[in-house]
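Dumped input-v7.cif below, it's mmCIF, C-alpha atoms and all ligand atoms:
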data_run
#
loop_
_atom_site.label_atom_id
_atom_site.label_comp_id
_atom_site.auth_asym_id
_atom_site.auth_seq_id
_atom_site.Cartn_x
_atom_site.Cartn_y
_atom_site.Cartn_z
CA MET A 297 0.00 0.00 0.00
CA GLY A 298 1.45 3.39 -1.01
CA PRO A 299 1.37 6.44 1.24
CA MET A 300 -1.51 8.10 -0.62
CA GLU A 301 -3.85 5.18 -0.01
CA HIS A 302 -3.77 5.28 3.77
CA SER A 303 -3.09 8.91 4.56
CA SER A 304 -5.52 11.53 5.81
CA PHE A 305 -4.08 14.84 4.74
CA VAL A 306 -4.54 18.23 6.35
CA ILE A 307 -5.04 20.79 3.60
CA GLY A 308 -3.98 24.39 4.25
CA ALA A 309 -5.86 27.54 3.14
CA SER A 310 -3.77 27.68 -0.05
CA GLY A 311 -4.82 24.12 -0.90
CA ARG A 312 -1.32 22.90 -0.12
CA ILE A 313 -0.93 19.66 1.82
CA LEU A 314 0.45 20.74 5.20
CA ALA A 315 0.72 17.53 7.12
CA SER A 316 -0.62 14.04 7.36
CA MET A 317 -1.47 12.35 10.64
CA SER A 318 -0.33 9.01 9.25
CA GLU A 319 3.16 10.26 8.43
CA ARG A 320 4.27 10.79 11.97
CA PHE A 321 7.49 9.10 13.06
CA TYR A 322 8.90 8.75 16.55
CA VAL A 323 12.54 9.61 17.28
CA ASN A 324 14.12 8.65 20.57
CA CYS A 325 16.44 11.67 20.86
CA PRO A 326 16.31 15.47 21.26
CA LEU A 327 15.26 17.23 18.04
CA SER A 328 15.81 20.73 16.67
CA PRO A 329 15.95 22.29 13.19
CA GLY A 330 18.75 20.63 11.18
CA ASP A 331 19.68 17.14 10.00
CA VAL A 332 18.60 13.96 11.80
CA VAL A 333 19.08 10.24 11.13
CA LEU A 334 16.32 7.67 11.71
CA GLN A 335 17.31 4.03 12.31
CA GLY A 336 15.77 0.74 13.35
CA ALA A 337 12.01 0.11 13.41
CA GLU A 338 11.03 3.68 12.54
CA ALA A 339 13.38 3.83 9.53
CA HIS A 340 11.95 0.50 8.33
CA HIS A 341 8.40 1.80 8.77
CA LEU A 342 9.16 4.95 6.80
CA ALA A 343 11.20 3.36 4.00
CA VAL A 344 9.71 -0.13 3.57
CA VAL A 345 6.15 0.03 4.94
CA CYS A 346 5.19 3.58 3.88
CA ARG A 347 7.63 3.62 0.92
CA LEU A 348 8.37 7.32 1.38
CA ARG A 349 11.07 8.89 -0.77
CA PRO A 350 13.48 11.86 -0.66
CA GLY A 351 11.66 15.16 -1.03
CA GLN A 352 8.56 13.99 0.84
CA GLN A 353 7.46 15.72 4.04
CA VAL A 354 6.84 13.94 7.33
CA CYS A 355 6.30 14.92 10.94
CA LEU A 356 8.71 13.80 13.67
CA PHE A 357 7.98 13.76 17.39
CA ASN A 358 9.93 12.61 20.44
CA GLY A 359 7.43 13.09 23.27
CA ASP A 360 8.69 16.56 24.30
CA GLY A 361 5.38 18.24 23.37
CA HIS A 362 6.54 19.49 19.95
CA GLU A 363 6.07 18.43 16.35
CA TYR A 364 8.98 18.67 13.95
CA PRO A 365 8.02 18.96 10.26
CA ALA A 366 10.86 17.44 8.26
CA GLU A 367 11.85 16.65 4.69
CA ILE A 368 13.28 13.27 3.75
CA THR A 369 16.74 13.72 2.20
CA GLN A 370 18.02 10.14 1.87
CA VAL A 371 16.39 6.69 2.18
CA GLY A 372 18.00 3.31 2.90
CA ARG A 373 16.27 0.19 4.23
CA LYS A 374 17.62 0.67 7.74
CA ARG A 375 18.65 4.31 7.74
CA VAL A 376 16.77 7.42 6.71
CA GLU A 377 18.12 10.96 6.72
CA LEU A 378 15.84 13.94 7.18
CA HIS A 379 16.08 17.68 7.51
CA VAL A 380 13.98 19.13 10.33
CA ARG A 381 12.57 22.47 9.19
CA GLU A 382 11.09 23.81 12.40
CA ALA A 383 9.68 22.98 15.84
CA HIS A 384 6.04 23.62 16.76
CA ALA A 385 4.59 23.26 20.25
CA VAL A 386 1.33 21.37 19.57
CA SER A 387 -0.63 20.13 22.58
CA ARG A 388 -3.24 17.42 22.27
CA GLU A 389 -3.12 16.72 26.02
CA LEU A 390 -6.02 16.82 28.47
CA PRO A 391 -6.07 20.00 30.58
CA PHE A 392 -5.91 17.87 33.75
CA ARG A 393 -3.91 14.90 35.02
CA LEU A 394 -5.60 11.53 34.44
CA MET A 395 -3.86 8.51 35.92
CA VAL A 396 -5.13 4.94 35.42
CA ALA A 397 -4.07 2.06 37.65
CA SER A 398 -5.20 -1.42 36.72
CA ALA A 399 -4.28 -5.05 36.81
CA LEU A 400 -3.26 -6.15 33.31
CA PRO A 401 -5.68 -8.37 31.39
CA LYS A 402 -4.42 -11.65 29.94
CA GLY A 403 -3.05 -12.25 26.44
CA ASP A 404 -2.92 -9.38 23.98
CA ARG A 405 -5.79 -7.54 25.65
CA ASP A 406 -3.10 -5.51 27.45
CA GLN A 407 -2.16 -4.04 24.03
CA PHE A 408 -5.75 -2.96 23.47
CA LEU A 409 -5.85 -1.41 26.95
CA ILE A 410 -2.61 0.58 26.48
CA GLU A 411 -3.51 1.76 22.96
CA LYS A 412 -6.97 2.99 23.95
CA LEU A 413 -5.78 4.71 27.14
CA THR A 414 -3.14 6.52 25.06
CA GLU A 415 -5.76 7.63 22.52
CA VAL A 416 -8.08 8.85 25.26
CA GLY A 417 -5.31 11.11 26.63
CA VAL A 418 -4.37 9.35 29.88
CA THR A 419 -1.29 10.88 31.53
CA ALA A 420 0.14 7.80 33.26
CA PHE A 421 -0.64 4.09 33.51
CA VAL A 422 0.30 2.01 36.55
CA PRO A 423 0.15 -1.82 36.27
CA LEU A 424 -1.12 -3.23 39.55
CA GLN A 425 -0.25 -6.26 41.60
CA THR A 426 -3.30 -7.15 43.70
CA GLN A 427 -4.18 -10.21 45.77
CA ARG A 428 -5.96 -11.82 42.79
CA SER A 429 -3.98 -10.41 39.83
CA VAL A 430 -2.15 -12.93 37.65
CA VAL A 431 -0.36 -10.85 34.96
CA HIS A 432 2.71 -9.05 36.35
CA PRO A 433 4.86 -7.38 33.69
CA GLY A 434 8.63 -7.47 34.04
CA GLU A 435 10.95 -4.98 32.34
CA ALA A 436 10.63 -6.67 28.90
CA ARG A 437 6.83 -6.56 28.91
CA SER A 438 6.85 -2.96 30.21
CA GLU A 439 9.08 -2.03 27.25
CA LYS A 440 6.52 -3.68 24.95
CA LEU A 441 3.77 -1.63 26.60
CA ARG A 442 5.81 1.57 26.00
CA ARG A 443 6.12 0.57 22.33
CA TYR A 444 2.30 0.34 22.14
CA VAL A 445 2.15 3.89 23.57
CA ILE A 446 4.42 5.13 20.78
CA GLU A 447 2.43 3.33 18.05
CA ALA A 448 -0.84 4.79 19.37
CA SER A 449 0.74 8.27 19.67
CA LYS A 450 1.88 8.15 16.04
CA GLN A 451 -1.68 7.42 15.02
CA CYS A 452 -3.60 9.76 17.35
CA GLY A 453 -1.30 12.78 17.19
CA ARG A 454 -0.17 12.97 20.80
CA ASN A 455 3.18 14.71 21.24
CA VAL A 456 3.53 13.72 24.89
CA LEU A 457 3.78 10.00 25.65
CA MET A 458 1.59 8.32 28.25
CA ASP A 459 3.93 7.27 31.04
CA VAL A 460 3.99 3.51 31.79
CA GLU A 461 5.10 3.14 35.40
CA PRO A 462 6.64 0.02 36.97
CA LEU A 463 4.42 -2.62 38.58
CA SER A 464 2.99 -1.34 41.86
CA ARG A 465 1.49 -3.27 44.79
CA TRP A 466 -2.09 -2.18 45.44
CA GLU A 467 -1.65 -1.84 49.23
CA SER A 468 1.11 0.73 48.79
CA PHE A 469 -0.36 2.43 45.71
CA VAL A 470 -3.60 3.29 47.56
CA HIS A 471 -1.61 5.42 50.01
CA ARG A 472 0.84 7.01 47.55
CA PRO A 473 1.23 10.65 48.62
CA ASP A 474 1.52 12.11 45.09
CA LEU A 475 -1.83 10.79 43.82
CA PRO A 476 -4.35 13.31 42.42
CA GLY A 477 -7.03 14.58 44.83
CA ARG A 478 -9.90 12.72 43.16
CA ARG A 479 -9.41 8.96 43.59
CA LEU A 480 -11.99 6.67 41.98
CA LEU A 481 -12.30 2.90 42.17
CA ALA A 482 -14.43 1.11 39.58
CA HIS A 483 -16.67 -1.00 41.77
CA PRO A 484 -20.25 -2.26 41.28
CA GLY A 485 -22.62 -0.60 43.74
CA GLY A 486 -20.67 2.67 43.92
CA GLN A 487 -21.98 6.06 42.82
CA PRO A 488 -23.30 6.02 39.24
CA ALA A 489 -20.68 7.08 36.67
CA LYS A 490 -23.00 9.75 35.27
CA SER A 491 -22.82 11.64 38.58
CA LEU A 492 -19.11 12.31 37.88
CA CYS A 493 -19.96 15.13 35.51
CA SER A 494 -18.42 17.71 37.81
CA PRO A 495 -15.76 20.00 36.31
CA ALA A 496 -12.70 18.21 34.99
CA THR A 497 -10.06 17.83 37.68
CA ASP A 498 -6.90 15.79 38.34
CA THR A 499 -8.02 12.19 38.85
CA VAL A 500 -6.67 8.69 39.44
CA LEU A 501 -8.93 5.79 38.62
CA ALA A 502 -8.34 2.16 39.51
CA VAL A 503 -9.73 -1.07 38.10
CA GLY A 504 -9.36 -4.49 39.70
CA PRO A 505 -8.16 -7.79 38.17
CA GLU A 506 -10.37 -10.41 36.46
CA GLY A 507 -10.99 -11.96 39.87
CA GLY A 508 -11.97 -8.61 41.43
CA PHE A 509 -10.52 -6.92 44.52
CA THR A 510 -10.74 -8.86 47.80
CA ASP A 511 -12.96 -7.56 50.63
CA GLU A 512 -9.81 -6.74 52.56
CA GLU A 513 -8.44 -4.64 49.67
CA LEU A 514 -11.78 -2.86 49.27
CA ALA A 515 -12.01 -2.03 52.99
CA SER A 516 -8.53 -0.46 53.11
CA THR A 517 -9.17 1.47 49.86
CA PHE A 518 -12.38 3.04 51.13
CA ALA A 519 -10.76 3.72 54.53
CA ALA A 520 -8.09 5.68 52.59
CA GLY A 521 -10.80 7.91 51.08
CA TRP A 522 -11.26 6.43 47.59
CA GLN A 523 -14.77 6.72 46.03
CA ALA A 524 -16.47 3.75 44.35
CA VAL A 525 -17.92 4.27 40.87
CA ASP A 526 -20.53 1.97 39.35
CA LEU A 527 -20.37 1.32 35.61
CA GLY A 528 -23.70 -0.43 35.13
CA SER A 529 -25.32 -3.75 35.92
CA ARG A 530 -23.07 -5.92 33.75
CA ILE A 531 -19.63 -7.23 34.76
CA LEU A 532 -17.09 -5.54 32.52
CA ARG A 533 -13.70 -6.86 31.60
CA VAL A 534 -10.72 -4.97 33.01
CA GLU A 535 -9.97 -3.15 29.76
CA THR A 536 -13.62 -2.20 29.16
CA ALA A 537 -13.95 -0.72 32.65
CA ALA A 538 -10.62 1.16 32.42
CA VAL A 539 -11.10 2.58 28.92
CA GLY A 540 -14.80 3.37 29.50
CA LEU A 541 -14.24 5.27 32.73
CA ALA A 542 -11.13 7.04 31.37
CA PHE A 543 -13.08 8.16 28.31
CA LEU A 544 -15.96 9.39 30.42
CA LEU A 545 -13.58 11.57 32.45
CA ALA A 546 -11.64 12.71 29.38
CA SER A 547 -14.90 13.78 27.75
CA LEU A 548 -15.28 16.40 30.53
CA GLU A 549 -12.24 18.07 28.95
CA GLY A 550 -13.96 21.30 27.99
CA LEU A 551 -15.15 21.98 31.53
CA PRO A 552 -12.90 24.18 33.68
CA ALA A 553 -10.81 22.36 36.30
CA SER A 554 -12.15 22.97 39.81
N1 LIG A 601 -14.92 -11.48 39.00
C1 LIG A 601 -15.10 -10.15 39.46
C2 LIG A 601 -15.23 -9.19 38.28
C3 LIG A 601 -14.01 -8.43 38.06
S1 LIG A 601 -14.15 -7.43 36.67
C4 LIG A 601 -16.36 -10.05 40.27
O1 LIG A 601 -17.25 -10.82 40.07
O2 LIG A 601 -16.41 -9.13 41.10
C5 LIG A 601 -12.65 -6.51 36.81
C6 LIG A 601 -12.77 -5.13 37.39
O3 LIG A 601 -13.53 -4.31 36.53
C7 LIG A 601 -13.47 -5.01 38.74
O4 LIG A 601 -12.57 -5.27 39.82
C8 LIG A 601 -13.94 -3.57 38.74
O5 LIG A 601 -12.88 -2.71 39.13
C9 LIG A 601 -14.26 -3.33 37.27
N2 LIG A 601 -15.68 -3.51 36.94
C10 LIG A 601 -16.21 -4.49 36.18
N3 LIG A 601 -17.52 -4.33 36.04
C11 LIG A 601 -17.85 -3.21 36.70
C12 LIG A 601 -19.08 -2.50 36.93
N4 LIG A 601 -20.22 -2.92 36.44
N5 LIG A 601 -19.02 -1.36 37.66
C13 LIG A 601 -17.86 -0.93 38.19
N6 LIG A 601 -16.66 -1.56 38.02
C14 LIG A 601 -16.66 -2.68 37.29
#
Structure translated into structure tokens:
Amino acid sequence: MGPMEHSSFVIGASGRILASMSERFYVNCPLSPGDVVLQGAEAHHLAVVCRLRPGQQVCLFNGDGHEYPAEITQVGRKRVELHVREAHAVSRELPFRLMVASALPKGDRDQFLIEKLTEVGVTAFVPLQTQRSVVHPGEARSEKLRRYVIEASKQCGRNVLMDVEPLSRWESFVHRPDLPGRRLLAHPGGQPAKSLCSPATDTVLAVGPEGGFTDEELASTFAAGWQAVDLGSRILRVETAAVGLAFLLASLEGLPAS
């Protein structure tokens, strides 16, 4: 498939093609106007998958909040040279901090979870170890999760990467001093989700593992001041509960933070 077949172009007032969301490439180094070399997976994606050629324009990002429009100057299979024209600060972030802590679902449903949370605009994701959780990512899996963040950011236009934190034990996470003021636990029988439509504000939300939280975990969480939120009368899978509640909160974006 050539680049024209899968690109959605942004057309400027003059009718000139300014940028394409699908031609974003991630670079793991500081960027500024001037020459830059792309290697590894991103070079392969640009040269072999997208079949871009010298003279074509792309957009680079490295997670520092900027976009770097660049022109391709040389293309090899494993090495691409570009010239960065300028740096633009372009924010597609939520105007408040949204942290999601959840046990990881089994199989490749963790990829779905990470991709969707990135798209929704979540600031940080914390994988949880709870009494009934079974999936506990080590460093290799965490790296994989960070790769999913980059892939989703290329597609959705985020210029700041969702942070993937190390595995955290639930008992200590609940009491972490740097958590946002609003702390929500997805839990059947809590306050209805629709009552959360207060102004957007810094929030952490937590979702339990497939086996649920234990009564002991629930008691200590509520004693620590967390609020339970009900997501309806059906039992949702971990990723459905996390993405659904995150999206609900993200959709309050336009409301002023209280
Ligand atoms: N086997 C467990 C279900 C766990 S579902 C049980 O029967 O309790 C995994 C997690 O998703 C739960 O711990 C909870 O945090 C969240 N969740 C699932 N369905 C929900 C609902 N209807 N309302 C609120 N949270 C829900």
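Distances here use all atoms listed in the file; by that measure, the residue among A:His432, A:Ala397, A:Ser516, A:Leu548 closest to ligand LIG 601 (chain A) is A:Ala397.
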Using all atoms listed in the file, what are the residues with an atom within 6 Å of ligand LIG 601 (chain A), set out as a PDB file with C-alpha atoms, keeping the file's coordinate frame?
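Below is the file that was written, pocket_21.pdb:
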ATOM      1  CA  ALA A 482     -14.430   1.110  39.580  1.00  0.00           C
ATOM      2  CA  HIS A 483     -16.670  -1.000  41.770  1.00  0.00           C
ATOM      3  CA  PRO A 484     -20.250  -2.260  41.280  1.00  0.00           C
ATOM      4  CA  VAL A 503      -9.730  -1.070  38.100  1.00  0.00           C
ATOM      5  CA  GLY A 504      -9.360  -4.490  39.700  1.00  0.00           C
ATOM      6  CA  PRO A 505      -8.160  -7.790  38.170  1.00  0.00           C
ATOM      7  CA  GLU A 506     -10.370 -10.410  36.460  1.00  0.00           C
ATOM      8  CA  GLY A 507     -10.990 -11.960  39.870  1.00  0.00           C
ATOM      9  CA  GLY A 508     -11.970  -8.610  41.430  1.00  0.00           C
ATOM     10  CA  PHE A 509     -10.520  -6.920  44.520  1.00  0.00           C
ATOM     11  CA  VAL A 525     -17.920   4.270  40.870  1.00  0.00           C
ATOM     12  CA  ASP A 526     -20.530   1.970  39.350  1.00  0.00           C
ATOM     13  CA  LEU A 527     -20.370   1.320  35.610  1.00  0.00           C
ATOM     14  CA  GLY A 528     -23.700  -0.430  35.130  1.00  0.00           C
ATOM     15  CA  SER A 529     -25.320  -3.750  35.920  1.00  0.00           C
ATOM     16  CA  ARG A 530     -23.070  -5.920  33.750  1.00  0.00           C
ATOM     17  CA  ILE A 531     -19.630  -7.230  34.760  1.00  0.00           C
ATOM     18  CA  LEU A 532     -17.090  -5.540  32.520  1.00  0.00           C
ATOM     19  CA  ARG A 533     -13.700  -6.860  31.600  1.00  0.00           C
ATOM     20  CA  VAL A 534     -10.720  -4.970  33.010  1.00  0.00           C
ATOM     21  CA  ALA A 537     -13.950  -0.720  32.650  1.00  0.00           C
TER      22      ALA A 537
END
>> What does the structure give for the distance between atom CA of A:Ala519 and atom CA of A:Val422, in Å to one decimal?
In response: 21.2 Å
> Counting all atoms listed in the file, what is within 6 Å of A:Arg479, bar same-chain residues fewer than 4 positions away, as a VMD selection string?
Replying inline: chain A and resid 499 to 501 522
> Of the candidates A:Pro401, A:Gly351, A:Gly434, A:Gly417, which shows the shortest atom-to-atom distance to A:Ala448, using all atoms listed in the file?
Replying inline: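 Of A:Pro401, A:Gly351, A:Gly434, A:Gly417, the one nearest A:Ala448, counting all atoms listed in the file, is A:Gly417.
Counting from atom CA of A:Val416, the distance to atom CA of A:Pro365 is 24.2 Å.
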> Nearest to A:Leu390 among A:Cys493, A:Val354, A:Val418, A:Val430, with distances taken over all atoms listed in the file: which residue is it?
Replying inline: A:Val418
>> Residues near A:Leu334, anyone? I mean within 6 Å using all atoms listed in the file, not counting same-chain ones fewer than 5 positions away, as JSON, numbers by chain.
In response: {"A": [339, 375, 376]}
Print the selection's residues with C-alpha atoms to a file, as a PDB file, keeping the file's coordinate frame.
ATOM      1  CA  ALA A 339      13.380   3.830   9.530  1.00  0.00           C
ATOM      2  CA  ARG A 375      18.650   4.310   7.740  1.00  0.00           C
ATOM      3  CA  VAL A 376      16.770   7.420   6.710  1.00  0.00           C
TER       4      VAL A 376
END
> Leaving out A:Met458 and any residue of its chain fewer than 5 positions from it, which residues lie within 8 Å of it when counting all atoms listed in the file, given as number ranges by chain?
Replying inline: A: 414, 417-421, 445
> For A:Asn358, which residue out of A:Glu338, A:Glu549, A:Asp498, A:Glu512 is the nearest one, using all atoms listed in the file?
Replying inline: A:Glu338
Residue contacts of A:Pro423 (7 Å, only C-alpha atoms) excluding same-chain residues fewer than 4 positions away, as a PDB file with C-alpha atoms, in the coordinates of the input:
ATOM      1  CA  ALA A 397      -4.070   2.060  37.650  1.00  0.00           C
ATOM      2  CA  SER A 398      -5.200  -1.420  36.720  1.00  0.00           C
ATOM      3  CA  ALA A 399      -4.280  -5.050  36.810  1.00  0.00           C
ATOM      4  CA  LEU A 400      -3.260  -6.150  33.310  1.00  0.00           C
ATOM      5  CA  PRO A 462       6.640   0.020  36.970  1.00  0.00           C
ATOM      6  CA  LEU A 463       4.420  -2.620  38.580  1.00  0.00           C
ATOM      7  CA  SER A 464       2.990  -1.340  41.860  1.00  0.00           C
TER       8      SER A 464
END
>> As an exercise, work out the distance from atom CA of A:Glu415 to atom CA of A:Arg320 in Å and give it to one decimal place.
In response: 14.9 Å
> From the set A:Asp511, A:Asp360, A:Glu411, A:Glu319, which residue has the shortest atom-to-atom contact distance to A:Arg428, counting all atoms listed in the file?
Replying inline: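 Nearest to A:Arg428: A:Asp511.
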> Which is closest to A:Ala538 among A:Glu389, A:Asp331, A:Asp406, A:Glu377, if we use only C-alpha atoms?
Replying inline: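 Counting only C-alpha atoms, the residue closest to A:Ala538 is A:Asp406.
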Starting from the point (14.0, -1.5, 10.1), work out which residues of protein, DNA or RNA have an atom no more than 10 Å away when counting only C-alpha atoms; state them as an mmCIF file with C-alpha atoms, in the frame of the given file.
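The result, written out as out-v1.cif:
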data_model
loop_
_atom_site.group_PDB
_atom_site.id
_atom_site.type_symbol
_atom_site.label_atom_id
_atom_site.label_comp_id
_atom_site.auth_asym_id
_atom_site.auth_seq_id
_atom_site.Cartn_x
_atom_site.Cartn_y
_atom_site.Cartn_z
ATOM 1 C CA LEU A 334 16.320 7.670 11.710
ATOM 2 C CA GLN A 335 17.310 4.030 12.310
ATOM 3 C CA GLY A 336 15.770 0.740 13.350
ATOM 4 C CA ALA A 337 12.010 0.110 13.410
ATOM 5 C CA GLU A 338 11.030 3.680 12.540
ATOM 6 C CA ALA A 339 13.380 3.830 9.530
ATOM 7 C CA HIS A 340 11.950 0.500 8.330
ATOM 8 C CA HIS A 341 8.400 1.800 8.770
ATOM 9 C CA LEU A 342 9.160 4.950 6.800
ATOM 10 C CA ALA A 343 11.200 3.360 4.000
ATOM 11 C CA VAL A 344 9.710 -0.130 3.570
ATOM 12 C CA VAL A 345 6.150 0.030 4.940
ATOM 13 C CA GLY A 372 18.000 3.310 2.900
ATOM 14 C CA ARG A 373 16.270 0.190 4.230
ATOM 15 C CA LYS A 374 17.620 0.670 7.740
ATOM 16 C CA ARG A 375 18.650 4.310 7.740
ATOM 17 C CA VAL A 376 16.770 7.420 6.710
#
